[in-house]
Amino acid sequence: MKAIETLRKDFPILHQQVNGFDLVYFDNAATTQKPRAVLDVLMHYYECDNSNVHRGIHTLSHRATVAYEAARERVASFIGARTEEVVFTRGTTEGINLVARAWGDANLRAGDRILLTEMEHHSNLVPWQLLAERTGAELIFLPITGDEGLLDLERLDVLLSDGVKLFAFTHISNALGTINPAGELCRRAREKGVITLVDAAQSVGHAPLDVMDLGCDFLVFSGHKMCAPTGIGALYGRFDLLQSLPPFHGGGEMILTVDWLHSDWKRAPHKFEAGTPNISGAIALAAAMDYLDAIGRDAIFAHDRELGAYAADRLRELPNLRLLGPRDERSGIVSFHLNDIHSHDIVSFADHRGIALRGGHHCTQPLMRRLGLDSTTRASFYFYNNREEIDRFVEVLSEIQTFFG
Amino acid sequence: MKAIETLRKDFPILHQQVNGFDLVYFDNAATTQKPRAVLDVLMHYYECDNSNVHRGIHTLSHRATVAYEAARERVASFIGARTEEVVFTRGTTEGINLVARAWGDANLRAGDRILLTEMEHHSNLVPWQLLAERTGAELIFLPITGDEGLLDLERLDVLLSDGVKLFAFTHISNALGTINPAGELCRRAREKGVITLVDAAQSVGHAPLDVMDLGCDFLVFSGHKMCAPTGIGALYGRFDLLQSLPPFHGGGEMILTVDWLHSDWKRAPHKFEAGTPNISGAIALAAAMDYLDAIGRDAIFAHDRELGAYAADRLRELPNLRLLGPRDERSGIVSFHLNDIHSHDIVSFADHRGIALRGGHHCTQPLMRRLGLDSTTRASFYFYNNREEIDRFVEVLSEIQTFFG
Amino acid sequence: MQDLADLYQAVILDHNRRPRNFVAMESPDRVAVGDNPVCGDHYTVFLRLEGDRISEVSFQGAGCAISKASASVMTSLLKGKTAEEARKIYEKFHQMVTTGEVDPENLSDLSAFAGVYQFPARIKCATLSWHAALNAVADPEAGKVSTEE
Amino acid sequence: MQDLADLYQAVILDHNRRPRNFVAMESPDRVAVGDNPVCGDHYTVFLRLEGDRISEVSFQGAGCAISKASASVMTSLLKGKTAEEARKIYEKFHQMVTTGEVDPENLSDLSAFAGVYQFPARIKCATLSWHAALNAVADPEAGKVSTEE
Ligand SMILES: Cc1ncc(COP(=O)(O)O)c(C=O)c1O
Ligand SMILES: Cc1ncc(COP(=O)(O)O)c(C=O)c1O
């Protein structure tokens, strides 16, 4: 990997003071910052090529269409999919809702089961609750082992038993930092004929990933968590599966022929993209992928894990600190609870030292309750973070313990 | 209005040559260009403030949340709504699908009717077809008068009769340039207790508009057609109506409490915004509204109509040209058919003279069939266009007639 | 830069460490719950009424220093007040935490929260238990209150 | 800058003005429809077969100059060809309109379409009727073809 200091130069936002201190941005699991290269592509699009796609044959429209469809190819190559298996979405949440609607409504019946895990983000839980309400299907949960936050794999085969039609799980937990063995989970589900959806919100921008290697049926992620702008993300779906689904939204761009009372759809993926898409977002997402691949996803993943392990070690030095997540093989996400000090007090205090942390339930309320917690404090790293920042952070935590002691 | 030449300076993209000629961008009904002021706000967000919204209390997160919610207030003030009546969407198409799902599935039964018009964009037709299939409701259509493309208002009261639950119509037709009397249509629908949805994709950025004056129940539009980026738009809904609806998508941000099998929602509008929204898009949309208001929407509307009328007059000079749309009171959208010359040949040829037009069905296939046409050629103007550009365009059309003659 | 000591004044830290009236009341007349789902703050406020007057107040629950201290200070203040007086105190308090302006009268320990206005993300923490209490006073059926509502 | 004359060569303009074999065939052996929903180009291709050989071809419909001229030229060329020969001609034609490379053999009037490759938005126009015809030859049940598919 390039030197961190060199990479940091690519991120204008990191070079600012917050409350009189150099900003330490440790809220990457919520959203990452954007490098100059991505912002330049965004600007170039609007300064030179902006036009609506697909329906036009003038020069700008052709440029925009070519760039938009090239972005789809780039996303496909980034995750090892075929171009026609990539549907652009607003982000992870929309991708999951799309599958719950288009696949779920068409395939689930009362009594069918959906297997989730106890560590799912609300976005990989609530759409299935709504689907269960609509269809009469039932949700069941693969438990975690406790504070360590590992999936209880011994229970998997039993839970994947009769009646389960879909297994949806997160690749990397945003609340615990667990890296789930996604390939194994998909393989075991496929053996039982169960469709899989991988929530890759925390993994696609952080680690090498190939949907063919994983063997998943659907995979979803958000651009904003991997150096791209907000409002763009993608859904991968196995082509034959995508082709077999009814549309999600109706409207322009996704149709072949429209009559007063009936219409025919384009093939996947366009069938699932009704209306003018986020053209500049898709193009900038492709630029973000170029940027990440230039650094190297192996290197990013190694750096993440290295910082995660270092932070965990340093945090263990603090008294009265309950560290969540796996002992080893944790990602760059570190979540903890300080006895008697609420996460929001920690976050407010740290913010006063220029450190951006997240406190709360991290959109995993049931998991928090399962662990007997109201909230945790979370620090999440990316390739532009370093050990010195973690040292500052641990120092501030000490200060906080004294202040509220 | 400021001088057009001054305004043009705000748009970097307009100052380029296409095929050796100064670009004439006449494809504004498909998407508009973006002024420097909007691009600057977009860049500033990513260079200084980018963070995820709502769930955070560190400084960047607070800035992003404040800016995002201020954007909602700005949208509300732009259209005369209350802040909590504004839901951010990807655009017009998503807004209509949201209403078709959340309102439609909850309120329509077999035998109910949805009234549309013969001039609707596919985005205001296909979602209702899908809804009709799901619920057994029936679609009926308010006819147009012919090439002039006016709604046949004499038929309205009869068609608004028993069984109609929703009347969805376009404010300004993207295919004909007709400006529909939206206020009157809403009033007459409301008298009969019929819910209205106004497709304001072509009007919000072009004319003064106030949802209270209109008296509509829902109104939808896209940012990219009014100087804002792609991937952002808004849905207005009367607050009590919005509050009464079930959610659209499920996920983070839209929940109050989540349990394993059941969740509670936030109030409108957040109930309808699942997942990380297009934060930068919303903020840039507010900037676009500031930009448009600084020019003055009255002035923009007057300029649009002036150019529309001028173009119509000049086009009538050409032989064998069938001009569509109203004789007077047309918007800045001009659509026509040249005998024996296909619209794609016209567009390709014009593009060779640097003029960006659109040819095709303009996402209104049923309307085209109704008019006995395969396609039309469309020129659509905005405040940065001028008469000289129209003169060049008419000259090129003459040349085309000679070339293919 | 705002000063952390402005937010976490000594009074607040003290009430956070040793919250007053921090006990579940037996046979209360009114009970209300205050929830901030964003951070998980969760309090139950218990009231006993004598006519229009609040004769006893206590609370239980968990949350951040601001919300806990605010609830603790509130319970001390509301005892003996009428519904109308309670509402007026809250209004001044709300005014203060949103503008920073301290009304020298009547605010006692509440003035310790004057610094909150510099931390807009924390205003909800300061007002959470107040919403619950006022709701309980006003509504015989008082139930759940949430700062998101 | 590409030259318009490259796209609209004299041969194309001529075929567009006076399309050959532009007639609905009575009792054809195969019929196929080619549709481009984006621009509304719409053609029907009629074929009569003798064994493996195309004995007659005609077309009807409407669309842009490129699509109409291409259909017209195609009908002149396919007459008398076997299915295999037709496929080979189409492959060369497709190669040409996507790369601009003209194979001097066998292309005759088709070479007029060499300029299309400079106008990628128009490639679909040039190949629309070919898709329909080849589909009709290959499939006894030949139905609708669309360039979006
Ligand atoms: C009248 C009308 N309605 C709806 C739409 C769809 O808007 P969008 O593609 O931004 O969702 C458009 C634009 O294409 C339009 O002109
Ligand atoms: C594991 C996981 N799933 C889903 C999401 C939702 O992503 P988005 O809000 O971008 O739709 C997130 C991020 O918030 C996440 O971390």
# chains A, B, ... in the order shown; residues from 1 in each chain; ligands from 1
$ residues_around --residues "range 61-64 of chain B" --least-positions-apart "4" --cutoff "6 Å" --atoms "only C-alpha atoms" --output "ChimeraX atom specification"
/B:51-53,56-57,68
$ write_last_selection --atoms "C-alpha atoms" --output "PDB file, in the first residue's frame"
ATOM      1  CA  SER B  51     -20.844  12.464   7.103  1.00  0.00           C
ATOM      2  CA  ASN B  52     -23.839  10.244   7.616  1.00  0.00           C
ATOM      3  CA  VAL B  53     -26.951  11.949   8.940  1.00  0.00           C
ATOM      4  CA  GLY B  56     -24.491  10.879  14.825  1.00  0.00           C
ATOM      5  CA  ILE B  57     -23.496  13.574  17.264  1.00  0.00           C
ATOM      6  CA  TYR B  68     -29.819  17.824   4.994  1.00  0.00           C
TER       7      TYR B  68
END
$ residues_near_ligand --ligand "ligand 2" --cutoff "6 Å" --atoms "only C-alpha atoms and all ligand atoms" --output "PyMOL selection string"
(chain A and resi 30+91-93+121+123+170+173-174+199+201-202+222) or (chain B and resi 275-276)
$ write_last_selection --atoms "N, CA and C atoms" --output "mmCIF file, in the first residue's frame"
data_model
loop_
_atom_site.group_PDB
_atom_site.id
_atom_site.type_symbol
_atom_site.label_atom_id
_atom_site.label_comp_id
_atom_site.auth_asym_id
_atom_site.auth_seq_id
_atom_site.Cartn_x
_atom_site.Cartn_y
_atom_site.Cartn_z
ATOM 1 N N ALA A 30 -20.119 4.330 9.071
ATOM 2 C CA ALA A 30 -21.332 5.084 8.732
ATOM 3 C C ALA A 30 -21.222 5.612 7.306
ATOM 4 N N GLY A 91 -28.628 2.395 -2.673
ATOM 5 C CA GLY A 91 -27.688 1.871 -1.696
ATOM 6 C C GLY A 91 -28.140 0.513 -1.205
ATOM 7 N N THR A 92 -27.473 0.035 -0.179
ATOM 8 C CA THR A 92 -27.756 -1.281 0.393
ATOM 9 C C THR A 92 -29.238 -1.443 0.727
ATOM 10 N N THR A 93 -29.793 -0.451 1.402
ATOM 11 C CA THR A 93 -31.171 -0.567 1.865
ATOM 12 C C THR A 93 -32.128 -0.744 0.696
ATOM 13 N N HIS A 121 -28.121 -5.475 10.482
ATOM 14 C CA HIS A 121 -28.488 -4.052 10.444
ATOM 15 C C HIS A 121 -29.998 -3.972 10.194
ATOM 16 N N SER A 123 -31.540 -2.486 8.152
ATOM 17 C CA SER A 123 -31.834 -2.541 6.716
ATOM 18 C C SER A 123 -31.891 -3.971 6.200
ATOM 19 N N THR A 170 -25.158 -10.476 6.967
ATOM 20 C CA THR A 170 -24.155 -9.454 6.722
ATOM 21 C C THR A 170 -22.792 -10.101 6.577
ATOM 22 N N SER A 173 -20.009 -7.311 10.144
ATOM 23 C CA SER A 173 -20.978 -6.653 11.026
ATOM 24 C C SER A 173 -20.561 -5.218 11.307
ATOM 25 N N ASN A 174 -21.493 -4.288 11.063
ATOM 26 C CA ASN A 174 -21.184 -2.886 11.327
ATOM 27 C C ASN A 174 -21.168 -2.577 12.812
ATOM 28 N N ASP A 199 -25.292 -9.029 2.616
ATOM 29 C CA ASP A 199 -25.224 -7.591 2.863
ATOM 30 C C ASP A 199 -23.744 -7.226 2.948
ATOM 31 N N ALA A 201 -22.399 -4.245 2.674
ATOM 32 C CA ALA A 201 -22.203 -2.808 2.903
ATOM 33 C C ALA A 201 -20.832 -2.519 3.509
ATOM 34 N N GLN A 202 -20.388 -3.354 4.457
ATOM 35 C CA GLN A 202 -19.128 -3.088 5.150
ATOM 36 C C GLN A 202 -17.950 -3.838 4.534
ATOM 37 N N SER A 222 -23.442 -0.234 -0.761
ATOM 38 C CA SER A 222 -23.636 1.208 -0.919
ATOM 39 C C SER A 222 -22.331 1.860 -1.368
ATOM 40 N N GLY B 275 -32.813 3.916 4.882
ATOM 41 C CA GLY B 275 -31.414 3.850 4.475
ATOM 42 C C GLY B 275 -30.790 5.221 4.353
ATOM 43 N N THR B 276 -29.487 5.233 4.130
ATOM 44 C CA THR B 276 -28.772 6.495 3.950
ATOM 45 C C THR B 276 -29.321 7.184 2.722
#
$ closest_atom_pairs --of "chain B" --to "ligand 1" --cutoff "10 Å" --atoms "only C-alpha atoms and all ligand atoms" --output "CSV"
residue,atom,partner,partner_atom_place_in_ligand_line,distance
B:Asn28,CA,ligand 1,16 (O),9.7
B:Ala29,CA,ligand 1,16 (O),6.1
B:Ala30,CA,ligand 1,14 (O),5.5
B:Thr31,CA,ligand 1,14 (O),7.7
B:Thr89,CA,ligand 1,11 (O),9.3
B:Arg90,CA,ligand 1,11 (O),7.2
B:Gly91,CA,ligand 1,11 (O),4.5
B:Thr92,CA,ligand 1,11 (O),3.9
B:Thr93,CA,ligand 1,11 (O),3.6
B:Glu94,CA,ligand 1,11 (O),6.3
B:Gly95,CA,ligand 1,11 (O),7.9
B:Ile96,CA,ligand 1,11 (O),8.6
B:Asn97,CA,ligand 1,11 (O),9.8
B:Met119,CA,ligand 1,1 (C),8.8
B:Glu120,CA,ligand 1,1 (C),6.7
B:His121,CA,ligand 1,3 (N),5.0
B:His122,CA,ligand 1,4 (C),7.2
B:Ser123,CA,ligand 1,4 (C),5.2
B:Asn124,CA,ligand 1,3 (N),6.3
B:Leu125,CA,ligand 1,3 (N),9.5
B:Phe169,CA,ligand 1,1 (C),8.7
B:Thr170,CA,ligand 1,1 (C),5.6
B:His171,CA,ligand 1,1 (C),7.4
B:Ile172,CA,ligand 1,1 (C),6.5
B:Ser173,CA,ligand 1,1 (C),5.5
B:Asn174,CA,ligand 1,16 (O),4.5
B:Ala175,CA,ligand 1,16 (O),7.7
B:Gly177,CA,ligand 1,1 (C),9.7
B:Val198,CA,ligand 1,3 (N),9.5
B:Asp199,CA,ligand 1,3 (N),5.7
B:Ala200,CA,ligand 1,1 (C),6.7
B:Ala201,CA,ligand 1,2 (C),4.9
B:Gln202,CA,ligand 1,16 (O),5.5
B:Ser203,CA,ligand 1,1 (C),8.5
B:Val220,CA,ligand 1,4 (C),8.5
B:Phe221,CA,ligand 1,7 (O),7.0
B:Ser222,CA,ligand 1,10 (O),4.8
B:Gly223,CA,ligand 1,10 (O),7.5
B:His224,CA,ligand 1,10 (O),6.7
B:Lys225,CA,ligand 1,10 (O),7.1
B:Thr230,CA,ligand 1,10 (O),7.9
B:Gly231,CA,ligand 1,10 (O),8.1
B:Ile232,CA,ligand 1,10 (O),8.4
B:Gly233,CA,ligand 1,10 (O),7.6
B:His362,CA,ligand 1,14 (O),7.7
B:Cys363,CA,ligand 1,14 (O),7.2
B:Thr364,CA,ligand 1,1 (C),9.3
$ closest_residue --among "A:Pro366, A:Pro277, A:Gly205, A:Gly252" --to "Ile300 in chain A" --atoms "only C-alpha atoms"
A:Gly205
$ select_by_dssp --residues "range 49-153 of chain B" --states "helix (DSSP H, G or I)" --output "VMD selection string"
chain B and resid 49 59 to 79 83 to 85 92 to 107 122 to 124 126 to 135 153
$ atom_distance --atom1 "CA of Glu138 in chain A" --atom2 "CA of Asp162 in chain A"
12.3 Å
$ residues_around --residues "Ile295 in chain A" --least-positions-apart "5" --cutoff "9 Å" --atoms "only C-alpha atoms" --output "PyMOL selection string"
chain A and resi 1-2+7+290+300
$ residues_around --residues "Leu166 in chain B" --least-positions-apart "6" --cutoff "8 Å" --atoms "only C-alpha atoms" --output "PDB file with N, CA and C atoms, in the first residue's frame"
ATOM      1  N   ARG B 113     -61.274   2.911  -9.422  1.00  0.00           N
ATOM      2  CA  ARG B 113     -60.691   3.413 -10.661  1.00  0.00           C
ATOM      3  C   ARG B 113     -59.619   4.453 -10.413  1.00  0.00           C
ATOM      4  N   ILE B 114     -58.647   4.465 -11.294  1.00  0.00           N
ATOM      5  CA  ILE B 114     -57.594   5.481 -11.291  1.00  0.00           C
ATOM      6  C   ILE B 114     -57.741   6.244 -12.599  1.00  0.00           C
ATOM      7  N   LEU B 115     -57.882   7.552 -12.495  1.00  0.00           N
ATOM      8  CA  LEU B 115     -57.996   8.377 -13.695  1.00  0.00           C
ATOM      9  C   LEU B 115     -56.633   8.966 -14.048  1.00  0.00           C
ATOM     10  N   VAL B 194     -61.813  12.966  -4.755  1.00  0.00           N
ATOM     11  CA  VAL B 194     -60.789  12.162  -5.428  1.00  0.00           C
ATOM     12  C   VAL B 194     -59.405  12.707  -5.069  1.00  0.00           C
ATOM     13  N   ILE B 195     -58.523  11.824  -4.667  1.00  0.00           N
ATOM     14  CA  ILE B 195     -57.137  12.191  -4.332  1.00  0.00           C
ATOM     15  C   ILE B 195     -56.393  12.544  -5.626  1.00  0.00           C
ATOM     16  N   THR B 196     -55.537  13.599  -5.563  1.00  0.00           N
ATOM     17  CA  THR B 196     -54.797  13.998  -6.769  1.00  0.00           C
ATOM     18  C   THR B 196     -53.297  13.832  -6.601  1.00  0.00           C
ATOM     19  N   LEU B 197     -52.654  13.446  -7.689  1.00  0.00           N
ATOM     20  CA  LEU B 197     -51.195  13.433  -7.753  1.00  0.00           C
ATOM     21  C   LEU B 197     -50.782  14.225  -8.981  1.00  0.00           C
TER      22      LEU B 197
END
$ interface_residues --of "chain A" --to "chain C" --cutoff "9 Å" --atoms "only C-alpha atoms" --output "PDB file with N, CA, C and O atoms, in the first residue's frame"
ATOM      1  N   VAL A  18     -11.245  20.347  13.916  1.00  0.00           N
ATOM      2  CA  VAL A  18     -12.573  20.293  14.515  1.00  0.00           C
ATOM      3  C   VAL A  18     -12.397  20.603  15.992  1.00  0.00           C
ATOM      4  O   VAL A  18     -11.615  19.943  16.680  1.00  0.00           O
ATOM      5  N   ASN A  19     -13.072  21.628  16.444  1.00  0.00           N
ATOM      6  CA  ASN A  19     -12.948  22.077  17.829  1.00  0.00           C
ATOM      7  C   ASN A  19     -11.494  22.304  18.227  1.00  0.00           C
ATOM      8  O   ASN A  19     -11.083  22.007  19.356  1.00  0.00           O
ATOM      9  N   GLY A  20     -10.717  22.813  17.283  1.00  0.00           N
ATOM     10  CA  GLY A  20      -9.337  23.174  17.594  1.00  0.00           C
ATOM     11  C   GLY A  20      -8.331  22.046  17.485  1.00  0.00           C
ATOM     12  O   GLY A  20      -7.142  22.249  17.742  1.00  0.00           O
ATOM     13  N   ASP A 340     -20.783   2.725  33.113  1.00  0.00           N
ATOM     14  CA  ASP A 340     -21.272   3.951  33.731  1.00  0.00           C
ATOM     15  C   ASP A 340     -21.083   5.203  32.881  1.00  0.00           C
ATOM     16  O   ASP A 340     -21.451   6.289  33.326  1.00  0.00           O
ATOM     17  N   ILE A 341     -20.517   5.088  31.717  1.00  0.00           N
ATOM     18  CA  ILE A 341     -20.424   6.280  30.869  1.00  0.00           C
ATOM     19  C   ILE A 341     -21.171   5.982  29.580  1.00  0.00           C
ATOM     20  O   ILE A 341     -20.871   5.007  28.889  1.00  0.00           O
ATOM     21  N   HIS A 342     -22.123   6.826  29.304  1.00  0.00           N
ATOM     22  CA  HIS A 342     -22.968   6.569  28.149  1.00  0.00           C
ATOM     23  C   HIS A 342     -22.231   6.921  26.860  1.00  0.00           C
ATOM     24  O   HIS A 342     -21.442   7.864  26.816  1.00  0.00           O
ATOM     25  N   SER A 343     -22.528   6.174  25.799  1.00  0.00           N
ATOM     26  CA  SER A 343     -21.812   6.386  24.533  1.00  0.00           C
ATOM     27  C   SER A 343     -21.944   7.819  24.028  1.00  0.00           C
ATOM     28  O   SER A 343     -21.011   8.351  23.424  1.00  0.00           O
ATOM     29  N   HIS A 344     -23.082   8.455  24.272  1.00  0.00           N
ATOM     30  CA  HIS A 344     -23.222   9.816  23.749  1.00  0.00           C
ATOM     31  C   HIS A 344     -22.348  10.810  24.493  1.00  0.00           C
ATOM     32  O   HIS A 344     -21.898  11.791  23.919  1.00  0.00           O
ATOM     33  N   ASP A 345     -22.102  10.539  25.771  1.00  0.00           N
ATOM     34  CA  ASP A 345     -21.159  11.397  26.487  1.00  0.00           C
ATOM     35  C   ASP A 345     -19.746  11.197  25.947  1.00  0.00           C
ATOM     36  O   ASP A 345     -18.983  12.148  25.784  1.00  0.00           O
ATOM     37  N   SER A 348     -19.583  12.960  22.482  1.00  0.00           N
ATOM     38  CA  SER A 348     -19.521  14.412  22.620  1.00  0.00           C
ATOM     39  C   SER A 348     -18.142  14.854  23.096  1.00  0.00           C
ATOM     40  O   SER A 348     -17.570  15.818  22.587  1.00  0.00           O
ATOM     41  N   PHE A 349     -17.634  14.134  24.084  1.00  0.00           N
ATOM     42  CA  PHE A 349     -16.328  14.492  24.632  1.00  0.00           C
ATOM     43  C   PHE A 349     -15.232  14.312  23.577  1.00  0.00           C
ATOM     44  O   PHE A 349     -14.406  15.206  23.356  1.00  0.00           O
ATOM     45  N   HIS A 352     -14.989  16.854  21.073  1.00  0.00           N
ATOM     46  CA  HIS A 352     -14.294  18.045  21.559  1.00  0.00           C
ATOM     47  C   HIS A 352     -12.805  17.949  21.483  1.00  0.00           C
ATOM     48  O   HIS A 352     -12.103  18.938  21.672  1.00  0.00           O
ATOM     49  N   GLY A 359     -21.869   6.768  18.515  1.00  0.00           N
ATOM     50  CA  GLY A 359     -22.431   6.110  19.691  1.00  0.00           C
ATOM     51  C   GLY A 359     -23.885   5.817  19.419  1.00  0.00           C
ATOM     52  O   GLY A 359     -24.550   6.553  18.705  1.00  0.00           O
ATOM     53  N   GLY A 360     -24.382   4.730  19.982  1.00  0.00           N
ATOM     54  CA  GLY A 360     -25.793   4.423  19.769  1.00  0.00           C
ATOM     55  C   GLY A 360     -25.969   2.947  19.507  1.00  0.00           C
ATOM     56  O   GLY A 360     -25.139   2.127  19.911  1.00  0.00           O
ATOM     57  N   HIS A 361     -27.061   2.639  18.815  1.00  0.00           N
ATOM     58  CA  HIS A 361     -27.354   1.217  18.577  1.00  0.00           C
ATOM     59  C   HIS A 361     -26.876   0.745  17.211  1.00  0.00           C
ATOM     60  O   HIS A 361     -26.999  -0.419  16.875  1.00  0.00           O
ATOM     61  N   HIS A 362     -26.307   1.701  16.421  1.00  0.00           N
ATOM     62  CA  HIS A 362     -25.754   1.341  15.119  1.00  0.00           C
ATOM     63  C   HIS A 362     -26.763   0.591  14.255  1.00  0.00           C
ATOM     64  O   HIS A 362     -26.408  -0.322  13.508  1.00  0.00           O
ATOM     65  N   CYS A 363     -28.017   0.993  14.365  1.00  0.00           N
ATOM     66  CA  CYS A 363     -29.071   0.351  13.570  1.00  0.00           C
ATOM     67  C   CYS A 363     -29.132  -1.151  13.805  1.00  0.00           C
ATOM     68  O   CYS A 363     -29.421  -1.927  12.890  1.00  0.00           O
ATOM     69  N   GLN A 365     -30.765  -2.531  16.915  1.00  0.00           N
ATOM     70  CA  GLN A 365     -31.410  -2.540  18.243  1.00  0.00           C
ATOM     71  C   GLN A 365     -31.589  -3.941  18.811  1.00  0.00           C
ATOM     72  O   GLN A 365     -31.287  -4.172  19.989  1.00  0.00           O
ATOM     73  N   LEU A 373     -27.323  -4.330  26.168  1.00  0.00           N
ATOM     74  CA  LEU A 373     -26.767  -2.979  26.089  1.00  0.00           C
ATOM     75  C   LEU A 373     -27.788  -2.011  25.502  1.00  0.00           C
ATOM     76  O   LEU A 373     -28.634  -2.401  24.713  1.00  0.00           O
ATOM     77  N   ASP A 374     -27.686  -0.732  25.921  1.00  0.00           N
ATOM     78  CA  ASP A 374     -28.487   0.298  25.268  1.00  0.00           C
ATOM     79  C   ASP A 374     -27.793   0.777  24.007  1.00  0.00           C
ATOM     80  O   ASP A 374     -28.418   1.117  23.019  1.00  0.00           O
ATOM     81  N   SER A 375     -26.498   0.853  24.120  1.00  0.00           N
ATOM     82  CA  SER A 375     -25.735   1.417  23.016  1.00  0.00           C
ATOM     83  C   SER A 375     -24.265   1.075  23.218  1.00  0.00           C
ATOM     84  O   SER A 375     -23.873   0.626  24.294  1.00  0.00           O
ATOM     85  N   THR A 376     -23.491   1.257  22.172  1.00  0.00           N
ATOM     86  CA  THR A 376     -22.040   1.122  22.303  1.00  0.00           C
ATOM     87  C   THR A 376     -21.395   2.327  21.630  1.00  0.00           C
ATOM     88  O   THR A 376     -22.049   3.090  20.924  1.00  0.00           O
ATOM     89  N   PHE A 403     -12.751  12.183  33.767  1.00  0.00           N
ATOM     90  CA  PHE A 403     -13.731  13.267  33.832  1.00  0.00           C
ATOM     91  C   PHE A 403     -15.047  12.803  34.455  1.00  0.00           C
ATOM     92  O   PHE A 403     -15.611  13.475  35.318  1.00  0.00           O
ATOM     93  N   PHE A 404     -15.523  11.660  34.022  1.00  0.00           N
ATOM     94  CA  PHE A 404     -16.813  11.175  34.543  1.00  0.00           C
ATOM     95  C   PHE A 404     -16.646  10.249  35.747  1.00  0.00           C
ATOM     96  O   PHE A 404     -17.628   9.723  36.256  1.00  0.00           O
ATOM     97  N   GLY A 405     -15.392  10.028  36.170  1.00  0.00           N
ATOM     98  CA  GLY A 405     -15.090   8.986  37.165  1.00  0.00           C
ATOM     99  C   GLY A 405     -15.750   9.214  38.515  1.00  0.00           C
ATOM    100  O   GLY A 405     -16.207  10.282  38.841  1.00  0.00           O
TER     101      GLY A 405
END
$ decode --residues "range 234-251 of chain B" --atoms "C-alpha atoms" --output "mmCIF file, in the first residue's frame"
data_model
loop_
_atom_site.group_PDB
_atom_site.id
_atom_site.type_symbol
_atom_site.label_atom_id
_atom_site.label_comp_id
_atom_site.auth_asym_id
_atom_site.auth_seq_id
_atom_site.Cartn_x
_atom_site.Cartn_y
_atom_site.Cartn_z
ATOM 1 C CA ALA B 234 -38.967 14.995 -3.811
ATOM 2 C CA LEU B 235 -42.470 13.887 -3.054
ATOM 3 C CA TYR B 236 -44.903 16.293 -1.465
ATOM 4 C CA GLY B 237 -47.804 14.715 0.405
ATOM 5 C CA ARG B 238 -50.477 16.314 2.562
ATOM 6 C CA PHE B 239 -49.273 15.644 6.087
ATOM 7 C CA ASP B 240 -52.319 13.814 7.393
ATOM 8 C CA LEU B 241 -52.372 11.671 4.283
ATOM 9 C CA LEU B 242 -48.664 10.856 4.566
ATOM 10 C CA GLN B 243 -49.084 10.064 8.249
ATOM 11 C CA SER B 244 -51.890 7.629 7.502
ATOM 12 C CA LEU B 245 -49.764 5.547 5.114
ATOM 13 C CA PRO B 246 -47.705 2.458 5.813
ATOM 14 C CA PRO B 247 -43.998 2.721 5.010
ATOM 15 C CA PHE B 248 -42.572 2.208 1.517
ATOM 16 C CA HIS B 249 -39.135 0.648 2.053
ATOM 17 C CA GLY B 250 -37.896 -0.708 5.374
ATOM 18 C CA GLY B 251 -34.473 -0.186 6.929
#
